Amino acid sequence: MEIIKILLIEPNESTREVITKSLQRSFDAQVRAFKTSSDGTECLKSGESFSLVIVRNFSEVISHEQVVDHIADKILNCLYDQSLKIPLIVIGPFEHVYRQYALVSERLRIEEINRLVLKALGLKKEDFKHLKLPDYVPFPVSYFFLMHSAPCDIYIKLVKKAGDAFVKKINVNDQFTKDDLIKYEEFGVSDFYVLKENYHKFLDDLMAQNLNNLNQAKSFDEKIQATADSYQISADLIKALGITPMTVTIVNQTLTVMKSQIQKTDKLGQLLRKLLSDEGSYSYRHSHLICALSYILLPKMEWGKGDQQNSLFEKICMVSYFHDLFLEDEKLQKISDLPALKKANLDLKETELIINHAHLCAGLVQSYPKLPQGVDLLIKQHHGVSNGVGFPEALTSAISPLAIFFMVIEDFAKNILGMSDDTLTLNQMMTIAILPLKEKYQLTSYRKVVTEIENLVGSKK
Ligand SMILES: [Fe+2]
Ligand SMILES: [Fe+2]
């Protein structure tokens, strides 16, 4: 098969990276990626040949000064003017007199884009079965935290002048502990390698051992530790590999365990102490806390009973897991409104990421199998704007009540996790954490959630 060369024009940097990675992985494609339509048309006019062009319909308006770039219109016109017969895929709703010459993926869904790539090129999924991995496939050492024994031989890489050398460090079936692995990390080993023929075996075993690990954890502390590891690794995997049967299984495992831990324990105080003790990533800690608080507060919202309650809790857990997935930096995860954004003094790349993260995460989750209805919408709205881009100038009730609920709880959770004084009692912490909410959330729909948090704090006195 000839090498597939794709011209991609996507205004958003992180989306551009996600699509590029996916095209490289799924089709072994060479991708030339640009931000604007003018870069794209210039490239096409230069005579460079492509098998396919993928473009966003138009750029989103982020600031008032910005002019919308009608990327798809311009590229389609350019292809026509240059008499280029290159298939075109447009991401997002698109109308044009020559629309019939474009394949349109109404939403940003990697799966849908991949399907259209095959269609545009007249190829089948099976044509890419051969896609090869490097001889030694790297996995971060932290992935092995979920394991206790090696499913295959494990190597480290030695960088040498004459070329990289791989040395076997752990034999198949050897036992190890997390402390052993941390020692490797301390010695500067960031990745372990497995032979490419063991790639699938390794991932399968990672899932199996993860489940074991989660189920076997006995004490409360061990359980939180196992969930924290599983949370982090599943999130890394889904970002790196996209939505695959393996990543879905491991995310579901994490969520199931987290939910059952919350449902089975009434010790909010114990959980809080553990989460405040800095164990695990901030994204894990804030996610777990949002779910735990929601579990207590959802019934107070009078949104139905029994099954309805459960399904709302289910949705909140999914939203909580995915809403900030693309924000790796703790600093960014803590920004939840315009004043905080301004105060954070971010560089351009970080600003673009934070502005688009809700939209991006919603896009990823849309292809998640058996996604409870509305989860993508809730993720889009989790900072109070309906299109998932940026933060609102002023709060509005024009978003889903469940999104409003999530926003207030997330803010509360953030305030709690921000506390460093460990002499405070749980009740004192909650009382302090609630103060800024009272000021910030004046609208009735938001106010109701604040009141229920106040009642919860009051009842604990
Ligand atoms: Fe968040
Ligand atoms: Fe967020």
# chains A, B, ... in the order shown; residues from 1 in each chain; ligands from 1
$ select_by_dssp --residues "region 136-298 of chain A" --states "strand (DSSP E)" --output "list in words"
Tyr136, Val137, Pro138, Phe139, Pro140, Ile154, Tyr155, Ile156, Lys157, Leu158, Ala165, Phe166, Val167, Lys168, Lys169, Ile170, Asp191, Phe192, Tyr193, Val194 and Leu195 of chain A
$ residues_near_ligand --ligand "ligand 2" --cutoff "9 Å" --atoms "only C-alpha atoms and all ligand atoms" --output "list in words"
His323, Asp324, Leu325, Leu327, Leu332, Gln333, Lys334, Ile335, Ser336, Ile354, His357, Ala358, Ile379, His382 and His383 of chain A
$ closest_residue --among "A:Ile296, A:Leu275, A:Glu352, A:Phe391" --to "Ser420 (chain A)" --atoms "only C-alpha atoms"
A:Leu275
$ residues_around --residues "region 93-107 of chain A" --least-positions-apart "5" --cutoff "8 Å" --atoms "only C-alpha atoms" --output "PyMOL selection string"
chain A and resi 57+72-73+76+87-88+112-113+116+120+363
$ residues_around --residues "region 208-216 of chain A" --least-positions-apart "5" --cutoff "7 Å" --atoms "only C-alpha atoms" --output "list in words"
Leu146, Met147, Lys223, Ala226, Thr227, Ser230 and Gln253 of chain A
$ residues_around --residues "Ile71 (chain A)" --least-positions-apart "4" --cutoff "12 Å" --atoms "only C-alpha atoms" --output "PyMOL selection string"
chain A and resi 8-11+34-41+53-60+67+75-78+88-92+94+96
$ write_last_selection --atoms "N, CA and C atoms" --output "JSON list (two decimals), in the first residue's frame"
[["chain", "number", "residue", "atom", "x", "y", "z"],
["A", 8, "LEU", "N", -3.97, 18.11, 7.34],
["A", 8, "LEU", "CA", -4.96, 18.36, 8.40],
["A", 8, "LEU", "C", -4.96, 19.83, 8.76],
["A", 9, "ILE", "N", -6.16, 20.43, 8.77],
["A", 9, "ILE", "CA", -6.25, 21.82, 9.24],
["A", 9, "ILE", "C", -7.24, 21.89, 10.38],
["A", 10, "GLU", "N", -6.69, 22.14, 11.55],
["A", 10, "GLU", "CA", -7.51, 22.17, 12.76],
["A", 10, "GLU", "C", -7.01, 23.34, 13.61],
["A", 11, "PRO", "N", -7.89, 24.29, 13.90],
["A", 11, "PRO", "CA", -7.42, 25.50, 14.61],
["A", 11, "PRO", "C", -6.97, 25.26, 16.04],
["A", 34, "PHE", "N", -1.85, 21.90, 10.05],
["A", 34, "PHE", "CA", -1.79, 23.36, 10.13],
["A", 34, "PHE", "C", -2.95, 23.90, 10.93],
["A", 35, "LYS", "N", -2.79, 25.18, 11.30],
["A", 35, "LYS", "CA", -3.79, 25.82, 12.15],
["A", 35, "LYS", "C", -4.84, 26.58, 11.33],
["A", 36, "THR", "N", -4.41, 27.23, 10.27],
["A", 36, "THR", "CA", -5.34, 28.13, 9.54],
["A", 36, "THR", "C", -5.55, 27.69, 8.10],
["A", 37, "SER", "N", -6.64, 28.20, 7.51],
["A", 37, "SER", "CA", -6.95, 27.87, 6.12],
["A", 37, "SER", "C", -5.87, 28.41, 5.19],
["A", 38, "SER", "N", -5.30, 29.58, 5.53],
["A", 38, "SER", "CA", -4.31, 30.13, 4.59],
["A", 38, "SER", "C", -3.05, 29.27, 4.56],
["A", 39, "ASP", "N", -2.63, 28.72, 5.71],
["A", 39, "ASP", "CA", -1.49, 27.78, 5.70],
["A", 39, "ASP", "C", -1.82, 26.58, 4.83],
["A", 40, "GLY", "N", -3.05, 26.12, 4.94],
["A", 40, "GLY", "CA", -3.49, 24.94, 4.20],
["A", 40, "GLY", "C", -3.52, 25.18, 2.70],
["A", 41, "THR", "N", -4.12, 26.31, 2.29],
["A", 41, "THR", "CA", -4.20, 26.59, 0.85],
["A", 41, "THR", "C", -2.80, 26.80, 0.27],
["A", 53, "VAL", "N", -7.50, 15.24, 2.53],
["A", 53, "VAL", "CA", -7.46, 16.48, 3.32],
["A", 53, "VAL", "C", -8.54, 16.38, 4.39],
["A", 54, "ILE", "N", -8.17, 16.69, 5.63],
["A", 54, "ILE", "CA", -9.16, 16.72, 6.72],
["A", 54, "ILE", "C", -9.15, 18.12, 7.32],
["A", 55, "VAL", "N", -10.32, 18.73, 7.38],
["A", 55, "VAL", "CA", -10.36, 20.10, 7.93],
["A", 55, "VAL", "C", -11.50, 20.26, 8.92],
["A", 56, "ARG", "N", -11.35, 21.19, 9.82],
["A", 56, "ARG", "CA", -12.44, 21.60, 10.69],
["A", 56, "ARG", "C", -13.37, 22.52, 9.87],
["A", 57, "ASN", "N", -14.68, 22.54, 10.15],
["A", 57, "ASN", "CA", -15.58, 23.41, 9.38],
["A", 57, "ASN", "C", -15.16, 24.87, 9.46],
["A", 58, "PHE", "N", -15.06, 25.38, 10.67],
["A", 58, "PHE", "CA", -14.54, 26.75, 10.82],
["A", 58, "PHE", "C", -13.95, 26.89, 12.23],
["A", 59, "SER", "N", -13.18, 27.95, 12.42],
["A", 59, "SER", "CA", -12.56, 28.15, 13.74],
["A", 59, "SER", "C", -13.60, 28.69, 14.69],
["A", 60, "GLU", "N", -13.43, 28.39, 15.94],
["A", 60, "GLU", "CA", -14.36, 28.92, 16.93],
["A", 60, "GLU", "C", -13.91, 30.31, 17.37],
["A", 67, "VAL", "N", -11.40, 36.91, 14.09],
["A", 67, "VAL", "CA", -12.27, 36.71, 12.94],
["A", 67, "VAL", "C", -12.40, 35.20, 12.72],
["A", 75, "ILE", "N", -10.91, 25.74, 1.82],
["A", 75, "ILE", "CA", -10.15, 24.59, 1.28],
["A", 75, "ILE", "C", -10.90, 23.95, 0.12],
["A", 76, "LEU", "N", -12.21, 23.85, 0.26],
["A", 76, "LEU", "CA", -12.99, 23.26, -0.83],
["A", 76, "LEU", "C", -12.86, 24.12, -2.08],
["A", 77, "ASN", "N", -12.93, 25.44, -1.91],
["A", 77, "ASN", "CA", -12.74, 26.34, -3.06],
["A", 77, "ASN", "C", -11.37, 26.17, -3.67],
["A", 78, "CYS", "N", -10.38, 26.05, -2.82],
["A", 78, "CYS", "CA", -9.00, 25.91, -3.30],
["A", 78, "CYS", "C", -8.83, 24.60, -4.09],
["A", 88, "LEU", "N", -11.99, 15.05, 0.58],
["A", 88, "LEU", "CA", -12.00, 16.01, 1.67],
["A", 88, "LEU", "C", -12.96, 15.55, 2.76],
["A", 89, "ILE", "N", -12.47, 15.56, 4.00],
["A", 89, "ILE", "CA", -13.34, 15.27, 5.15],
["A", 89, "ILE", "C", -13.47, 16.56, 5.95],
["A", 90, "VAL", "N", -14.72, 16.91, 6.27],
["A", 90, "VAL", "CA", -14.96, 18.11, 7.07],
["A", 90, "VAL", "C", -15.47, 17.68, 8.45],
["A", 91, "ILE", "N", -14.88, 18.26, 9.48],
["A", 91, "ILE", "CA", -15.34, 17.95, 10.84],
["A", 91, "ILE", "C", -16.25, 19.08, 11.31],
["A", 92, "GLY", "N", -17.48, 18.72, 11.62],
["A", 92, "GLY", "CA", -18.46, 19.70, 12.08],
["A", 92, "GLY", "C", -19.46, 20.02, 10.99],
["A", 94, "PHE", "N", -21.62, 21.47, 8.06],
["A", 94, "PHE", "CA", -21.00, 22.19, 6.95],
["A", 94, "PHE", "C", -21.98, 22.30, 5.78],
["A", 96, "HIS", "N", -22.32, 23.97, 1.80],
["A", 96, "HIS", "CA", -21.55, 24.58, 0.72],
["A", 96, "HIS", "C", -22.19, 24.10, -0.58]]
$ select_by_dssp --residues "region 90-157 of chain A" --states "helix (DSSP H, G or I)" --output "JSON, numbers by chain"
{"A": [99, 100, 101, 110, 111, 112, 113, 114, 115, 116, 117, 118, 119, 120, 121, 125, 126, 127, 128, 141, 142, 143, 144, 145, 146]}
$ write_last_selection --atoms "N, CA and C atoms" --output "PDB file, in the first residue's frame"
ATOM      1  N   ARG A  99     -21.009  20.806  -1.405  1.00  0.00           N
ATOM      2  CA  ARG A  99     -20.945  19.946  -0.219  1.00  0.00           C
ATOM      3  C   ARG A  99     -20.847  18.469  -0.577  1.00  0.00           C
ATOM      4  N   GLN A 100     -21.476  18.111  -1.707  1.00  0.00           N
ATOM      5  CA  GLN A 100     -21.454  16.678  -2.062  1.00  0.00           C
ATOM      6  C   GLN A 100     -20.043  16.144  -2.307  1.00  0.00           C
ATOM      7  N   TYR A 101     -19.083  17.048  -2.497  1.00  0.00           N
ATOM      8  CA  TYR A 101     -17.713  16.585  -2.717  1.00  0.00           C
ATOM      9  C   TYR A 101     -16.962  16.358  -1.403  1.00  0.00           C
ATOM     10  N   ILE A 110     -13.350  10.682  16.957  1.00  0.00           N
ATOM     11  CA  ILE A 110     -12.211  10.031  16.320  1.00  0.00           C
ATOM     12  C   ILE A 110     -12.671   8.799  15.530  1.00  0.00           C
ATOM     13  N   GLU A 111     -13.586   8.039  16.119  1.00  0.00           N
ATOM     14  CA  GLU A 111     -14.071   6.833  15.438  1.00  0.00           C
ATOM     15  C   GLU A 111     -14.716   7.163  14.107  1.00  0.00           C
ATOM     16  N   GLU A 112     -15.528   8.211  14.119  1.00  0.00           N
ATOM     17  CA  GLU A 112     -16.233   8.626  12.914  1.00  0.00           C
ATOM     18  C   GLU A 112     -15.230   9.120  11.861  1.00  0.00           C
ATOM     19  N   ILE A 113     -14.252   9.877  12.309  1.00  0.00           N
ATOM     20  CA  ILE A 113     -13.241  10.364  11.366  1.00  0.00           C
ATOM     21  C   ILE A 113     -12.493   9.180  10.754  1.00  0.00           C
ATOM     22  N   ASN A 114     -12.129   8.208  11.581  1.00  0.00           N
ATOM     23  CA  ASN A 114     -11.431   7.027  11.059  1.00  0.00           C
ATOM     24  C   ASN A 114     -12.278   6.283  10.030  1.00  0.00           C
ATOM     25  N   ARG A 115     -13.576   6.206  10.296  1.00  0.00           N
ATOM     26  CA  ARG A 115     -14.472   5.518   9.365  1.00  0.00           C
ATOM     27  C   ARG A 115     -14.481   6.265   8.021  1.00  0.00           C
ATOM     28  N   LEU A 116     -14.532   7.590   8.088  1.00  0.00           N
ATOM     29  CA  LEU A 116     -14.566   8.379   6.859  1.00  0.00           C
ATOM     30  C   LEU A 116     -13.232   8.324   6.108  1.00  0.00           C
ATOM     31  N   VAL A 117     -12.140   8.212   6.865  1.00  0.00           N
ATOM     32  CA  VAL A 117     -10.828   8.093   6.197  1.00  0.00           C
ATOM     33  C   VAL A 117     -10.818   6.843   5.322  1.00  0.00           C
ATOM     34  N   LEU A 118     -11.305   5.726   5.893  1.00  0.00           N
ATOM     35  CA  LEU A 118     -11.348   4.472   5.128  1.00  0.00           C
ATOM     36  C   LEU A 118     -12.244   4.632   3.901  1.00  0.00           C
ATOM     37  N   LYS A 119     -13.381   5.276   4.111  1.00  0.00           N
ATOM     38  CA  LYS A 119     -14.343   5.465   3.020  1.00  0.00           C
ATOM     39  C   LYS A 119     -13.730   6.328   1.915  1.00  0.00           C
ATOM     40  N   ALA A 120     -13.101   7.433   2.326  1.00  0.00           N
ATOM     41  CA  ALA A 120     -12.526   8.358   1.351  1.00  0.00           C
ATOM     42  C   ALA A 120     -11.428   7.690   0.534  1.00  0.00           C
ATOM     43  N   LEU A 121     -10.667   6.808   1.169  1.00  0.00           N
ATOM     44  CA  LEU A 121      -9.532   6.187   0.488  1.00  0.00           C
ATOM     45  C   LEU A 121      -9.904   4.845  -0.138  1.00  0.00           C
ATOM     46  N   LYS A 125     -10.696  -1.694   7.099  1.00  0.00           N
ATOM     47  CA  LYS A 125     -10.009  -1.769   8.391  1.00  0.00           C
ATOM     48  C   LYS A 125      -8.896  -2.819   8.358  1.00  0.00           C
ATOM     49  N   GLU A 126      -9.234  -3.933   7.717  1.00  0.00           N
ATOM     50  CA  GLU A 126      -8.287  -5.062   7.689  1.00  0.00           C
ATOM     51  C   GLU A 126      -6.971  -4.686   7.002  1.00  0.00           C
ATOM     52  N   ASP A 127      -7.046  -3.673   6.116  1.00  0.00           N
ATOM     53  CA  ASP A 127      -5.832  -3.277   5.404  1.00  0.00           C
ATOM     54  C   ASP A 127      -4.752  -2.757   6.348  1.00  0.00           C
ATOM     55  N   PHE A 128      -5.167  -2.437   7.577  1.00  0.00           N
ATOM     56  CA  PHE A 128      -4.194  -1.831   8.494  1.00  0.00           C
ATOM     57  C   PHE A 128      -3.790  -2.745   9.632  1.00  0.00           C
ATOM     58  N   VAL A 141       6.976   3.349  33.625  1.00  0.00           N
ATOM     59  CA  VAL A 141       7.170   2.457  34.777  1.00  0.00           C
ATOM     60  C   VAL A 141       5.913   2.463  35.661  1.00  0.00           C
ATOM     61  N   SER A 142       5.256   3.628  35.758  1.00  0.00           N
ATOM     62  CA  SER A 142       4.078   3.722  36.639  1.00  0.00           C
ATOM     63  C   SER A 142       2.951   2.763  36.220  1.00  0.00           C
ATOM     64  N   TYR A 143       2.886   2.392  34.944  1.00  0.00           N
ATOM     65  CA  TYR A 143       1.850   1.432  34.519  1.00  0.00           C
ATOM     66  C   TYR A 143       1.985   0.104  35.271  1.00  0.00           C
ATOM     67  N   PHE A 144       3.227  -0.191  35.675  1.00  0.00           N
ATOM     68  CA  PHE A 144       3.478  -1.482  36.317  1.00  0.00           C
ATOM     69  C   PHE A 144       3.065  -1.479  37.789  1.00  0.00           C
ATOM     70  N   PHE A 145       2.699  -0.261  38.286  1.00  0.00           N
ATOM     71  CA  PHE A 145       2.243  -0.168  39.682  1.00  0.00           C
ATOM     72  C   PHE A 145       1.036  -1.056  39.926  1.00  0.00           C
ATOM     73  N   LEU A 146       0.283  -1.322  38.873  1.00  0.00           N
ATOM     74  CA  LEU A 146      -0.928  -2.118  39.025  1.00  0.00           C
ATOM     75  C   LEU A 146      -0.627  -3.601  39.046  1.00  0.00           C
TER      76      LEU A 146
END
$ residues_around --residues "Ser386 (chain A)" --least-positions-apart "6" --cutoff "10 Å" --atoms "only C-alpha atoms" --output "NGL selection string"
:A and (358-359 or 377-380 or 392 or 396 or 398-400 or 403)
$ write_last_selection --atoms "C-alpha atoms" --output "compact mmCIF listing (two decimals), in the first residue's frame"
# COMPACT_ATOMS: atom_id res chain seq x y z
CA ALA A 358 -14.52 20.92 28.19
CA HIS A 359 -15.31 20.79 24.50
CA LEU A 377 -23.37 17.57 27.27
CA LEU A 378 -22.69 17.77 31.00
CA ILE A 379 -18.95 17.69 30.36
CA LYS A 380 -19.34 20.49 27.83
CA PRO A 392 -19.12 32.53 31.23
CA THR A 396 -26.58 31.44 33.72
CA ALA A 398 -29.53 28.10 30.79
CA ILE A 399 -27.54 24.91 31.29
CA SER A 400 -28.55 21.51 32.61
CA ALA A 403 -24.29 20.61 35.25
$ residues_around --residues "Thr20 (chain A)" --least-positions-apart "2" --cutoff "9 Å" --atoms "only C-alpha atoms" --output "list in words"
Leu8, Thr15, Arg16, Glu17, Val18, Ser22, Leu23, Gln24, Arg25, Ala29, Gln30, Val31, Arg32 and Ala33 of chain A
